[in-house]
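**Student:** Please find one structure pasted underneath; my questions will follow.
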Amino acid sequence: MATIGLIGGMSWESTAVYYRLLNEGVRARSGGLHSADVLLHSVDFAPIAEMQAKGDWAAAGAALAASARRLEQGGASCLVLCTNTMHKVADQIIAATKLPFLHLADVTARAVLASPSRRPLLLATRFTMEQGFYRDRLRAFGVEALVPAPEERDDVHRIIYEELCRGRIEPASRERYRAIVARAAREEGADGVILGCTEIGLLLSQGDVSVPVFDTTALHVAAALDFVEEWEAAAA
């Protein structure tokens, strides 16, 4: 049986969602008492967040590469990095092991391409919205992700780090996100919204906005479950 290796803890609030969705997905697909075969290494987020703030991505990448090696040694069959932002150091993680790496931007791009959307709004941390590592990867698939205006990006980023990563779900913040999406759809032609931080699904869902929602956490989980099915079919 394939074992899903999770690099989590960034933040643990969304990693817990990964664990729940993986088990719900296995139960839905296999029935009975079946649950997900998972190895999780959950890092301490505070040092990683400090590296992010300082721009020390090399150190952050080294820390997560070490996490990947631990999962490989533990018997993981693939790697799932439970954070969009830290895909900035995906190459370091990929180089650290021989395991398949399920890249979240690729998974998201394929989901967008399977829909009518081509110019979705990207809601994420400032790093993911403003740096090229994520949007460029989407663009390579033909997805032109829009980003909020500067002052909107400030609010999106602040809400993630000061509220969602700390387990705070504030109705006023949900309304702020809804207003940002509505403005982008009205003024810039955004035809969807990517929840490009794994915590945002805790705050915003399809019922909150009028455009299609691409929840990266749920999409990543589905891709991991598909990998397991394909791996086990090949091994049979």
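Going by the structure tokens order, chains are called A, B, ..., each with residues numbered from 1, while ligands are numbered from 1 in the order shown.
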Please provide the set of residues having any atom within 10 Å of Met129 in chain A, restricted to only C-alpha atoms, with same-chain residues fewer than 3 positions apart removed, written as an MDAnalysis selection string.
**Tutor:** chainID A and resid 85 121:126 132:135 145:148 153 156:157 196:197
**Student:** Neighbours of Ala90 in chain A within 12 Å (only C-alpha atoms; same-chain residues fewer than 4 positions away dropped), as number ranges by chain?
**Tutor:** A: 7, 57-58, 60-65, 68, 79-86, 94-97, 100-106, 133-134, 137
**Student:** Dump C-alpha atoms for the selected residues as a PDB file, in the first residue's frame?
**Tutor:**
```
ATOM      1  CA  ILE A   7       5.534  17.841   5.191  1.00  0.00           C
ATOM      2  CA  TRP A  57      14.856  30.827   1.656  1.00  0.00           C
ATOM      3  CA  ALA A  58      17.982  28.691   1.421  1.00  0.00           C
ATOM      4  CA  ALA A  60      14.074  27.220   4.905  1.00  0.00           C
ATOM      5  CA  GLY A  61      14.645  24.939   1.937  1.00  0.00           C
ATOM      6  CA  ALA A  62      17.347  23.046   3.819  1.00  0.00           C
ATOM      7  CA  ALA A  63      14.992  22.509   6.755  1.00  0.00           C
ATOM      8  CA  LEU A  64      12.240  21.134   4.558  1.00  0.00           C
ATOM      9  CA  ALA A  65      14.684  19.014   2.547  1.00  0.00           C
ATOM     10  CA  ALA A  68      11.637  15.121   3.156  1.00  0.00           C
ATOM     11  CA  LEU A  79       5.844  13.813  -0.888  1.00  0.00           C
ATOM     12  CA  VAL A  80       3.065  16.322  -0.288  1.00  0.00           C
ATOM     13  CA  LEU A  81       4.200  19.748   0.922  1.00  0.00           C
ATOM     14  CA  CYS A  82       1.211  21.114   2.854  1.00  0.00           C
ATOM     15  CA  THR A  83       1.802  24.796   2.087  1.00  0.00           C
ATOM     16  CA  ASN A  84       1.697  26.879  -1.067  1.00  0.00           C
ATOM     17  CA  THR A  85       4.283  29.438   0.020  1.00  0.00           C
ATOM     18  CA  MET A  86       7.033  26.947   0.693  1.00  0.00           C
ATOM     19  CA  ILE A  94      12.810  17.489  -4.820  1.00  0.00           C
ATOM     20  CA  ALA A  95      16.599  17.208  -4.988  1.00  0.00           C
ATOM     21  CA  ALA A  96      16.774  15.775  -1.461  1.00  0.00           C
ATOM     22  CA  THR A  97      15.012  12.467  -2.184  1.00  0.00           C
ATOM     23  CA  PRO A 100       7.681  11.715  -6.430  1.00  0.00           C
ATOM     24  CA  PHE A 101       6.772  15.265  -5.396  1.00  0.00           C
ATOM     25  CA  LEU A 102       3.177  16.373  -5.975  1.00  0.00           C
ATOM     26  CA  HIS A 103       3.647  20.054  -6.854  1.00  0.00           C
ATOM     27  CA  LEU A 104       0.706  22.117  -5.663  1.00  0.00           C
ATOM     28  CA  ALA A 105       0.891  24.721  -8.441  1.00  0.00           C
ATOM     29  CA  ASP A 106       0.729  21.973 -11.067  1.00  0.00           C
ATOM     30  CA  PHE A 133       7.752  31.009  -8.317  1.00  0.00           C
ATOM     31  CA  TYR A 134       4.005  30.263  -8.206  1.00  0.00           C
ATOM     32  CA  ARG A 137       4.430  27.993 -12.864  1.00  0.00           C
TER      33      ARG A 137
END
```
**Student:** When DSSP works through the backbone of this structure, what residues of range 88-193 of chain A end up as strand (DSSP E or B), shown as a PyMOL selection string?
**Tutor:** chain A and resi 101+121-123+146+193
**Student:** With distances taken over only C-alpha atoms, which of A:Ser205, A:Ser11, A:Ala46, A:Arg27 is nearest to Glu163 in chain A?
**Tutor:**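 The answer is A:Ser11, which sits nearest to Glu163 in chain A.
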**Student:** Smallest atom-to-atom distance to Ala223 in chain A: which of A:Ala36, A:Val17, A:Val181, A:Val107, using only C-alpha atoms?
**Tutor:**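 Ranked by minimum distance to Ala223 in chain A, first place goes to A:Val107.
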**Student:** Rounded to one decimal in Å, what is the spacing between CA of Val228 in chain A and CA of Gly74 in chain A?
**Tutor:** 16.9 Å
**Student:** Go through A:Asp37, A:Asp56, A:Glu199, A:Asp208 and flag the residue nearest Ile4 in chain A, using only C-alpha atoms for the distances.
**Tutor:**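 Of all the options, A:Asp37 lies closest to Ile4 in chain A.
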**Student:** Work out how far CA of Ala109 in chain A is from CA of Ala140 in chain A, in Å to one decimal.
**Tutor:**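 Distance reported for this atom pair: 9.0 Å.
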**Student:** Can you tell me which residues surround Ala59 in chain A at a distance of at most 12 Å, considering only C-alpha atoms, apart from same-chain residues fewer than 6 positions away, and format the answer as a PDB file with C-alpha atoms, in the first residue's frame?
**Tutor:**
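Once everything was written out, this is around.pdb:
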```pdb
ATOM      1  CA  PRO A  47      11.508  29.396  12.746  1.00  0.00           C
ATOM      2  CA  ILE A  48      10.264  28.860   9.184  1.00  0.00           C
ATOM      3  CA  ALA A  49       8.128  32.013   9.346  1.00  0.00           C
ATOM      4  CA  GLU A  50      11.152  33.937  10.584  1.00  0.00           C
ATOM      5  CA  MET A  51      13.202  32.654   7.649  1.00  0.00           C
ATOM      6  CA  GLN A  52      10.419  33.762   5.311  1.00  0.00           C
ATOM      7  CA  ALA A  65      14.684  19.014   2.547  1.00  0.00           C
ATOM      8  CA  ALA A  66      15.687  17.414   5.844  1.00  0.00           C
ATOM      9  CA  MET A  86       7.033  26.947   0.693  1.00  0.00           C
ATOM     10  CA  VAL A  89      11.866  25.942  -2.223  1.00  0.00           C
ATOM     11  CA  GLN A  92      15.552  21.863  -2.848  1.00  0.00           C
ATOM     12  CA  ILE A  93      13.016  19.395  -1.528  1.00  0.00           C
TER      13      ILE A  93
END
```
